[in-house]
file final.cif (mmCIF, C-alpha atoms)
data_input
#
loop_
_atom_site.label_atom_id
_atom_site.label_comp_id
_atom_site.auth_asym_id
_atom_site.auth_seq_id
_atom_site.Cartn_x
_atom_site.Cartn_y
_atom_site.Cartn_z
CA MET A 35 39.36 128.64 107.48
CA TYR A 36 38.97 126.63 110.66
CA SER A 37 36.92 123.89 109.02
CA SER A 38 39.75 123.17 106.55
CA PHE A 39 41.97 122.06 109.45
CA VAL A 40 39.45 119.66 110.95
CA PRO A 41 40.76 116.13 110.28
CA GLN A 42 38.63 113.64 108.47
CA ARG A 43 37.03 111.04 110.66
CA GLN A 44 38.33 108.27 108.42
CA VAL A 45 41.13 108.07 105.87
CA LYS A 46 42.05 105.70 103.06
CA ILE A 47 44.77 103.06 103.45
CA GLY A 48 47.26 105.09 101.42
CA ASP A 49 46.86 108.12 103.66
CA ALA A 50 47.09 105.97 106.80
CA ALA A 51 50.29 104.33 105.55
CA ALA A 52 51.85 107.68 104.62
CA PHE A 53 51.07 109.21 108.01
CA VAL A 54 52.42 106.23 109.98
CA GLY A 55 55.48 105.83 107.77
CA THR A 56 54.75 102.41 106.37
CA THR A 57 53.18 100.99 103.22
CA PRO A 58 49.67 99.86 102.28
CA ARG A 59 51.13 96.40 101.69
CA ALA A 60 52.42 96.28 105.29
CA ILE A 61 49.03 97.32 106.64
CA ARG A 62 47.34 94.60 104.62
CA HIS A 63 49.81 92.14 106.14
CA TYR A 64 48.83 93.36 109.62
CA HIS A 65 45.26 92.49 108.75
CA GLU A 66 46.22 89.03 107.51
CA ILE A 67 48.07 88.05 110.71
CA GLY A 68 45.45 89.50 113.03
CA LEU A 69 47.62 92.37 114.26
CA LEU A 70 45.19 95.06 113.15
CA PRO A 71 41.43 94.51 112.80
CA GLU A 72 40.34 95.02 109.23
CA PRO A 73 37.91 97.94 109.01
CA GLU A 74 34.75 97.64 107.05
CA ARG A 75 34.81 98.84 103.49
CA GLY A 76 32.84 101.86 102.41
CA SER A 77 30.40 102.24 99.55
CA ASP A 78 33.38 102.53 97.19
CA ASP A 79 34.69 99.14 98.46
CA ARG A 80 37.71 100.80 100.09
CA ARG A 81 38.86 100.49 103.66
CA ARG A 82 38.63 103.54 105.88
CA TYR A 83 40.79 103.99 108.99
CA GLY A 84 39.71 105.96 112.01
CA TYR A 85 41.57 107.56 114.91
CA GLU A 86 41.92 104.34 116.95
CA ASP A 87 43.27 102.51 113.92
CA MET A 88 45.90 105.20 113.44
CA ILE A 89 46.95 105.00 117.09
CA ARG A 90 47.35 101.23 116.81
CA LEU A 91 49.33 101.59 113.61
CA LEU A 92 51.67 104.07 115.29
CA TRP A 93 52.24 101.67 118.17
CA ILE A 94 52.90 98.82 115.75
CA ARG A 95 55.43 100.91 113.83
CA LYS A 96 57.23 102.04 116.99
CA MET A 97 57.41 98.54 118.43
CA ALA A 98 58.57 97.04 115.13
CA ASP A 99 61.30 99.69 114.85
CA ALA A 100 62.46 98.61 118.33
CA GLY A 101 62.97 95.10 117.00
CA ILE A 102 59.87 93.41 118.38
CA ALA A 103 58.52 90.67 116.11
CA LEU A 104 55.05 91.20 114.70
CA ASP A 105 53.76 88.03 116.35
CA ASP A 106 54.99 89.32 119.73
CA ILE A 107 53.32 92.66 119.10
CA ARG A 108 50.06 90.88 118.40
CA ASP A 109 50.42 88.88 121.60
CA ALA A 110 51.17 92.04 123.56
CA PHE A 111 48.00 93.70 122.29
CA ALA A 112 46.02 90.58 123.17
CA ASP A 113 47.47 90.54 126.71
CA THR A 114 46.72 94.24 127.12
CA ALA A 115 43.14 93.75 125.98
CA SER A 116 42.57 90.90 128.44
CA ALA A 117 44.26 92.71 131.35
CA GLY A 118 42.63 96.05 130.75
CA ALA A 119 43.28 99.04 128.57
CA ASP A 120 45.73 100.62 131.02
CA SER A 121 47.89 97.51 131.54
CA ASP A 122 51.27 97.27 129.83
CA ASP A 123 52.31 93.94 131.34
CA GLY A 124 52.35 92.18 128.01
CA ILE A 125 54.49 94.82 126.36
CA VAL A 126 56.89 94.97 129.31
CA SER A 127 57.41 91.20 129.18
CA ILE A 128 58.13 91.34 125.47
CA LEU A 129 60.56 94.22 125.92
CA GLU A 130 62.43 92.22 128.56
CA ARG A 131 62.82 89.31 126.13
CA LEU A 132 63.85 91.73 123.40
CA GLU A 133 66.57 93.18 125.59
CA GLU A 134 67.93 89.70 126.28
CA THR A 135 67.98 89.00 122.56
CA LEU A 136 69.79 92.25 121.82
CA VAL A 137 72.42 91.47 124.44
CA ALA A 138 73.05 88.13 122.75
CA GLN A 139 73.22 89.82 119.36
CA GLU A 140 75.74 92.32 120.68
CA ALA A 141 77.92 89.47 121.95
CA GLU A 142 77.71 87.76 118.57
CA LEU A 143 78.57 91.02 116.82
CA ARG A 144 81.66 91.42 119.02
CA ARG A 145 82.68 87.86 118.14
CA GLN A 146 82.30 88.59 114.44
CA ARG A 147 84.30 91.80 114.73
CA THR A 148 87.06 89.94 116.55
CA ALA A 149 87.10 87.27 113.82
CA ALA A 150 87.25 89.91 111.08
CA ARG A 151 90.10 91.67 112.89
CA ARG A 152 92.01 88.39 113.17
CA MET A 153 91.53 87.68 109.48
CA ARG A 154 92.85 91.12 108.61
CA THR A 155 95.81 90.82 110.97
CA GLU A 156 96.79 87.20 110.28
CA GLY A 157 95.85 87.15 106.62
CA SER A 158 92.51 85.98 105.34
CA ARG A 159 93.28 82.24 105.22
CA MET A 160 95.42 82.08 108.33
CA GLY A 161 92.83 84.14 110.18
CA LEU A 162 90.12 81.60 109.40
CA LEU A 163 91.88 79.10 111.64
CA SER A 164 91.42 79.11 115.41
CA ASP A 165 93.86 80.84 117.73
CA PHE A 166 95.13 77.47 118.91
CA VAL A 167 96.22 76.56 115.38
CA THR A 168 97.62 79.93 114.34
CA GLY A 169 99.57 80.08 117.58
CA ARG A 170 101.27 76.86 116.50
CA LEU A 171 102.35 78.44 113.23
CA LYS A 172 103.63 81.77 114.60
CA SER A 173 107.28 80.71 114.48
CA LEU A 174 107.27 80.11 110.72
CA PRO A 175 108.66 82.72 108.33
CA GLU A 176 105.99 84.76 106.59
CA GLY A 177 104.84 83.17 103.36
CA SER A 178 106.45 79.80 104.08
CA LEU A 179 103.08 78.03 104.20
CA ARG A 180 101.28 77.28 100.99
CA GLN A 181 97.64 78.01 100.36
CA ALA A 182 97.05 74.26 100.08
CA ASP A 183 98.56 73.81 103.55
CA LEU A 184 96.13 76.29 105.07
CA ASP A 185 93.23 74.76 103.15
CA SER A 186 94.13 71.34 104.53
CA LEU A 187 94.32 72.72 108.08
CA LEU A 188 90.90 74.33 107.64
CA VAL A 189 89.38 70.99 106.60
CA THR A 190 91.15 69.14 109.42
CA GLU A 191 89.92 71.65 111.98
CA ARG A 192 86.37 71.11 110.79
CA ILE A 193 86.68 67.34 111.11
CA PHE A 194 88.96 66.90 114.13
CA GLY A 195 88.77 70.31 115.81
CA PRO A 196 91.55 72.80 116.64
CA LEU A 197 93.67 70.21 118.44
CA GLY A 198 93.70 67.90 115.43
CA ALA A 199 94.61 70.76 113.11
CA ALA A 200 97.34 71.97 115.46
CA VAL A 201 98.87 68.50 115.44
CA GLN A 202 98.69 68.36 111.65
CA ALA A 203 100.38 71.75 111.54
CA THR A 204 103.56 69.99 112.73
CA ARG A 205 103.76 68.31 109.33
CA PHE A 206 103.50 71.57 107.43
CA MET A 207 106.01 73.24 109.74
CA ALA A 208 108.56 70.56 108.89
CA LEU A 209 107.87 70.87 105.17
CA ALA A 210 108.03 74.67 105.29
CA THR A 211 111.48 74.64 106.87
CA HIS A 212 112.99 71.81 104.80
CA PRO A 213 112.85 72.60 101.05
CA ASP A 214 114.25 69.19 100.02
CA LEU A 215 111.56 67.44 102.02
CA ARG A 216 108.92 69.66 100.46
CA GLU A 217 110.20 68.73 97.02
CA ASP A 218 109.96 65.03 97.87
CA SER A 219 106.44 65.59 99.20
CA ASP A 220 105.38 67.23 95.96
CA ARG A 221 106.84 64.37 93.93
CA VAL A 222 105.07 61.66 95.93
CA ASP A 223 101.79 63.61 95.86
CA ALA A 224 102.05 63.89 92.08
CA ALA A 225 102.78 60.16 91.78
CA GLU A 226 99.69 59.34 93.83
CA GLU A 227 97.50 61.67 91.80
CA ALA A 228 98.71 59.92 88.65
CA LEU A 229 97.13 56.69 89.88
CA ASN A 230 93.87 57.43 88.11
CA ASP A 231 91.02 55.19 87.02
CA MET A 232 93.09 53.98 84.04
CA ILE A 233 95.56 52.26 86.38
CA ALA A 234 94.73 48.73 87.54
CA VAL A 235 94.97 48.00 91.25
CA ASP A 236 97.61 45.30 90.59
CA ASP A 237 99.73 47.55 88.40
CA PRO A 238 103.37 47.51 89.68
CA ARG A 239 103.27 51.31 89.89
CA VAL A 240 100.74 51.10 92.71
CA ALA A 241 103.14 49.18 94.95
CA GLN A 242 106.04 51.41 93.91
CA VAL A 243 104.21 54.61 94.85
CA ALA A 244 103.11 53.04 98.13
CA ALA A 245 106.75 52.28 98.91
CA GLU A 246 107.69 55.86 98.06
CA ARG A 247 104.96 57.19 100.33
CA HIS A 248 106.16 54.96 103.16
CA ALA A 249 109.76 56.09 102.69
CA PHE A 250 108.75 59.73 102.60
CA GLU A 251 106.66 59.47 105.75
CA LYS A 252 109.58 57.88 107.59
CA ALA A 253 111.89 60.66 106.43
CA LEU A 254 109.36 63.29 107.48
CA GLN A 255 108.92 61.71 110.89
CA ALA A 256 112.69 61.64 111.37
CA VAL A 257 112.88 65.37 110.64
CA ILE A 258 110.04 66.03 113.08
CA GLU A 259 111.85 64.05 115.78
CA ASP A 260 115.26 65.63 115.15
CA SER A 261 113.88 69.17 115.05
CA GLY A 262 112.13 68.85 118.39
CA LEU A 263 108.68 69.28 116.89
CA ALA A 264 107.59 65.93 118.34
CA LYS A 265 108.27 67.16 121.87
CA SER A 266 106.33 70.32 121.20
CA ASP A 267 103.44 68.12 120.11
CA ASP A 268 103.34 66.59 123.57
CA ALA A 269 103.27 70.06 125.08
CA LEU A 270 100.47 70.89 122.64
CA PHE A 271 98.23 68.20 124.13
CA ASP A 272 98.99 69.37 127.64
CA SER A 273 98.22 72.96 126.68
CA TRP A 274 94.90 71.95 125.12
CA ASP A 275 93.89 69.93 128.15
CA ALA A 276 94.73 72.87 130.40
CA LEU A 277 92.60 75.23 128.31
CA HIS A 278 89.74 72.77 127.78
CA PRO A 279 89.42 70.34 130.68
CA THR A 280 87.21 67.40 129.79
CA THR A 281 83.90 67.30 131.64
CA ALA A 282 81.78 64.29 132.38
CA ASP A 283 79.41 65.23 129.55
CA GLU A 284 82.13 65.47 126.92
CA GLY A 285 83.57 62.62 124.94
CA GLU A 286 87.23 61.74 124.63
CA ASP A 287 89.24 60.40 121.74
CA GLU A 288 90.97 57.03 121.69
CA ALA A 289 93.96 58.49 123.52
CA GLY A 290 91.74 59.62 126.37
CA ARG A 291 91.98 63.29 125.44
CA SER A 292 89.17 65.65 124.55
CA SER A 293 88.69 65.80 120.81
CA GLY A 294 88.67 69.57 120.47
CA ARG A 295 85.70 69.55 118.14
CA GLY A 296 83.06 72.21 118.55
CA GLN A 297 79.56 71.21 119.58
CA ASP A 298 78.29 72.00 116.09
CA SER A 299 80.80 69.58 114.59
CA MET A 300 79.84 66.17 113.30
CA SER A 301 81.84 63.04 113.89
CA ALA A 302 85.06 62.54 111.94
CA PHE A 303 83.45 59.64 110.05
CA GLU A 304 80.40 61.72 109.10
CA ALA A 305 82.46 64.74 108.08
CA THR A 306 84.87 62.72 105.96
CA GLY A 307 81.95 61.01 104.25
CA LYS A 308 80.50 64.36 103.24
CA MET A 309 83.72 65.64 101.66
CA PRO A 310 83.89 65.20 97.85
CA TYR A 311 86.84 62.82 97.92
CA ALA A 312 87.04 60.72 94.74
CA PHE A 313 90.08 58.46 94.90
CA SER A 314 90.52 55.88 92.19
CA PRO A 315 90.66 52.18 93.13
CA ALA A 316 94.39 52.20 92.34
CA ARG A 317 95.02 55.13 94.64
CA LEU A 318 92.96 53.59 97.43
CA ARG A 319 94.98 50.39 97.05
CA CYS A 320 98.18 52.45 97.19
CA MET A 321 97.04 54.00 100.46
CA GLU A 322 96.28 50.55 101.88
CA LEU A 323 99.71 49.25 100.91
CA ALA A 324 101.44 52.26 102.44
CA GLU A 325 99.54 51.68 105.68
CA GLU A 326 100.52 48.01 105.67
CA LEU A 327 104.18 48.93 105.22
CA ALA A 328 103.96 51.34 108.12
CA ALA A 329 102.16 48.81 110.31
CA HIS A 330 104.79 46.13 109.67
CA GLY A 331 107.65 48.55 110.11
CA ALA A 332 109.11 47.90 106.68
CA PRO A 333 112.50 49.54 106.17
CA ALA A 334 112.48 52.62 103.97
CA SER A 335 115.90 51.95 102.45
CA GLY A 336 115.81 50.44 99.02
CA LEU A 337 112.17 51.38 98.47
CA SER A 338 112.78 54.78 96.98
CA GLY A 339 116.25 55.96 96.17
CA SER A 340 115.24 59.61 95.70
CA ILE A 341 113.93 60.13 99.23
CA ALA A 342 116.60 60.78 101.82
#
call {"tool": "encode", "arguments": {"input": "final.cif", "output": "C-alpha cells"}}
result
Amino acid sequence: MYSSFVPQRQVKIGDAAAFVGTTPRAIRHYHEIGLLPEPERGSDDRRRYGYEDMIRLLWIRKMADAGIALDDIRDAFADTASAGADSDDGIVSILERLEETLVAQEAELRRQRTAARRMRTEGSRMGLLSDFVTGRLKSLPEGSLRQADLDSLLVTERIFGPLGAAVQATRFMALATHPDLREDSDRVDAAEEALNDMIAVDDPRVAQVAAERHAFEKALQAVIEDSGLAKSDDALFDSWDALHPTTADEGEDEAGRSSGRGQDSMSAFEATGKMPYAFSPARLRCMELAEELAAHGAPASGLSGSIA
C-alpha cells in the first residue's frame, strides 16, 4: 500500500504539464528560450522531468500568472543563480518593474473607461470628439448636427487638434441653427461635387460654382458675426491658451497660438496628404477661383442670386 504512494523520480512531459497546469507545448517553448534546461531523453527518446524541474515549472507558472514576461523570468533565474540560491534580488527587481507597469495599465484602463462613458453619454460620434470640442457644441439642440458634420470635426481634430475642430464647429453651429443657410450649403456642395473629371477646367460652370461658393461663404460669415459666434471664437482661443499654456518646447501656429495637436499627431500637411481626397482638376480649379475671389474681396452680390 505505501509503495503505491511513493512518487516516481521522473515523469513524462505530459504529466509534468498536467501537474503544473500548463501544456507540453508551453514547456517545449521554455526549453527553446532557455527558461528551463532540457532534460536528457530516456531510452524511449522521451524527456523525463525530476523534482527540481517541477519546482522550476511551478515558479515559472506562478510568475507568468503574475504578469511577468518569460524573458524577465529567465533573467531573474539567471540573477538568482549568480547571486546564490537563497537570493531573490533578481525577482524583486522584476516585481518592482511589473508593479510600475500595472500602475500605468490601470491609468490607461481608467482613461478608456472614461472615454467609453463619454461615448455612451454624448452619443457614439459626439463622444469620439474631445471635451473641448463637445463643450463648444453643448448649446445646440439635440440632433441638429448631421453625421457628416461630426465626421468632419473628427477629421479636423486629427489634423489640427481640438482647438482647430472647436473653431470649425462654429461653422456647423451656424448651419444647424439656420435652415436656409444649410439648404444653400447643400446646394453649393452638390454643385462642387458635380465638377467631376468630365468637366474641363475652363468650363464656365467652374467659375460659376466658384462664385456661388464665395457668395455662400460671405453669407455664412455674416451670420456668424451677427449671431455673436465670432466673439465666442475669440474667447475659445483664450480658453485654450489658459488650459494649455505653450511651453518653450512646443510649437505655435502662424497666429502665435499653440496648435492643440496631440504629440502623436502628424503635421497638417502630412495628415492631409494621407487622406484619400480625390478632387477632379475642375473642382480644384473651382477651389482656387473661390480663394482668389475671397482674397480680392469680390462682392457677393450678382454672383449667385439664390444665396442671401
call {"tool": "resolve_selection", "arguments": {"input": "final.cif", "expression": "the PyMOL selection byres ((chain A and resi 318) around 12)", "output": "list of chain:residue names"}}
result
A:Glu226, A:Glu227, A:Leu229, A:Asn230, A:Asp231, A:Ile233, A:Ala234, A:Val235, A:Asp236, A:Val240, A:Ala241, A:Val243, A:Ala244, A:Tyr311, A:Ala312, A:Phe313, A:Ser314, A:Pro315, A:Ala316, A:Arg317, A:Arg319, A:Cys320, A:Met321, A:Glu322, A:Leu323, A:Ala324, A:Glu325
call {"tool": "atom_distance", "arguments": {"input": "final.cif", "atom1": "atom CA of A:Ala138", "atom2": "atom CA of A:Pro196"}}
result
24.8 Å
call {"tool": "resolve_selection", "arguments": {"input": "final.cif", "expression": "the PyMOL selection byres ((chain A and resi 221) around 12)", "output": "list in words"}}
result
Asp214, Leu215, Arg216, Glu217, Asp218, Ser219, Asp220, Val222, Asp223, Ala224, Ala225, Glu226, Glu227, Ala228, Val243, Glu246, Arg247, Phe250, Ser338, Ser340 and Ile341 of chain A
call {"tool": "resolve_selection", "arguments": {"input": "final.cif", "expression": "the PyMOL selection byres ((chain A and resi 270) around 12)", "output": "PyMOL selection string"}}
result
chain A and resi 166-167+169-170+196-204+263-269+271-277+291
call {"tool": "atom_distance", "arguments": {"input": "final.cif", "atom1": "atom CA of A:Ala208", "atom2": "atom CA of A:Pro310"}}
result
27.6 Å
call {"tool": "atom_distance", "arguments": {"input": "final.cif", "atom1": "atom CA of A:Arg43", "atom2": "atom CA of A:Leu70"}}
result
18.1 Å
call {"tool": "closest_residue", "arguments": {"input": "final.cif", "among": "A:Ala249, A:Met160, A:Ala328, A:Val126", "to": "A:Leu179", "atoms": "all atoms listed in the file"}}
result
A:Met160
call {"tool": "residues_around", "arguments": {"input": "final.cif", "residues": "A:Met97", "least_positions_apart": "2", "cutoff": "12 Å", "atoms": "only C-alpha atoms", "output": "CSV table (one decimal) with C-alpha atoms, keeping the file's coordinate frame"}}
result
chain,number,residue,atom,x,y,z
A,90,ARG,CA,47.4,101.2,116.8
A,91,LEU,CA,49.3,101.6,113.6
A,92,LEU,CA,51.7,104.1,115.3
A,93,TRP,CA,52.2,101.7,118.2
A,94,ILE,CA,52.9,98.8,115.8
A,95,ARG,CA,55.4,100.9,113.8
A,99,ASP,CA,61.3,99.7,114.8
A,100,ALA,CA,62.5,98.6,118.3
A,101,GLY,CA,63.0,95.1,117.0
A,102,ILE,CA,59.9,93.4,118.4
A,103,ALA,CA,58.5,90.7,116.1
A,104,LEU,CA,55.0,91.2,114.7
A,105,ASP,CA,53.8,88.0,116.4
A,106,ASP,CA,55.0,89.3,119.7
A,107,ILE,CA,53.3,92.7,119.1
A,108,ARG,CA,50.1,90.9,118.4
A,110,ALA,CA,51.2,92.0,123.6
A,111,PHE,CA,48.0,93.7,122.3
A,125,ILE,CA,54.5,94.8,126.4
A,126,VAL,CA,56.9,95.0,129.3
A,128,ILE,CA,58.1,91.3,125.5
A,129,LEU,CA,60.6,94.2,125.9
A,132,LEU,CA,63.8,91.7,123.4
